[in-house]
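Here's the structure, in structure tokens; my notes come after.
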Amino acid sequence: MMLYPAMNKLTTNIPNRYLLVNVVARRARQIAQAEEDAAEKNDTKPVTLAIQEVADGKLSVAAADITITNVE
């Protein structure tokens, strides 16, 4: 099974794989909560959306406190 986008593309934005997993998981929870609060259902899974945001460079990690910030 191939991961899309490729891991090397994801790790250019967040160089540590373990931190990448943490960032994607946190963002996926935020997306899922927002969908639940808005009472809407998206066909795309929250994890897929979070991974795509990392690949697009929309998420970065502040190294000091390891919080997710949206970059737009």
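To be explicit about the labels: the chains of the structure tokens are called A, B, and onward in the order shown, and within each one the residues are counted from 1, while ligands get numbers from 1 in the order they are shown.
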Within 9 Å of Leu10 of chain A, counting only C-alpha atoms, which residues show up once you throw out same-chain ones fewer than 2 positions away? Write them as an NGL selection string, please.
:A and (5-8 or 12-15 or 17 or 20 or 51-52 or 54-57)
### Message
Please return, as a PyMOL selection string, all residues of chain A that DSSP assigns to alpha helix (DSSP H) on the basis of the backbone.
### Response
chain A and resi 7-13+17-38+46-55
Mind giving me the straight-line distance from atom CA of Leu49 of chain A to atom CA of Ile31 of chain A in Å, one decimal?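 Atom-to-atom, atom CA of Leu49 of chain A to atom CA of Ile31 of chain A, that is 8.1 Å.
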Open item on the list: Give me, as a ChimeraX atom specification, the residues of chain A that a backbone DSSP run labels strand (DSSP E or B).
Closed with: /A:59-62,67-70
Selected residues written out with C-alpha atoms, as an mmCIF file, in the first residue's frame:
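Saved as result-v3.cif:
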```
data_model
loop_
_atom_site.group_PDB
_atom_site.id
_atom_site.type_symbol
_atom_site.label_atom_id
_atom_site.label_comp_id
_atom_site.auth_asym_id
_atom_site.auth_seq_id
_atom_site.Cartn_x
_atom_site.Cartn_y
_atom_site.Cartn_z
ATOM 1 C CA LEU A 59 0.404 23.259 9.076
ATOM 2 C CA SER A 60 3.630 23.968 10.878
ATOM 3 C CA VAL A 61 4.935 23.111 14.297
ATOM 4 C CA ALA A 62 6.302 25.610 16.778
ATOM 5 C CA THR A 67 1.600 23.409 19.228
ATOM 6 C CA ILE A 68 -0.066 23.293 15.860
ATOM 7 C CA THR A 69 -0.424 26.575 14.042
ATOM 8 C CA ASN A 70 -2.291 27.169 10.828
#
```
(message) Would you pick out the contacts of Ala50 of chain A at 8 Å or less, using only C-alpha atoms, so that residues sharing its chain but fewer than 3 positions from it are not included, and give the list as an MDAnalysis selection string?
(response) chainID A and resid 24:25 27:28 31 46:47 53:54
Check: Distance atom CA of Arg29 of chain A-atom CA of Lys45 of chain A, one decimal place?
Finding: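 Atom CA of Lys45 of chain A lies 10.7 Å from atom CA of Arg29 of chain A.
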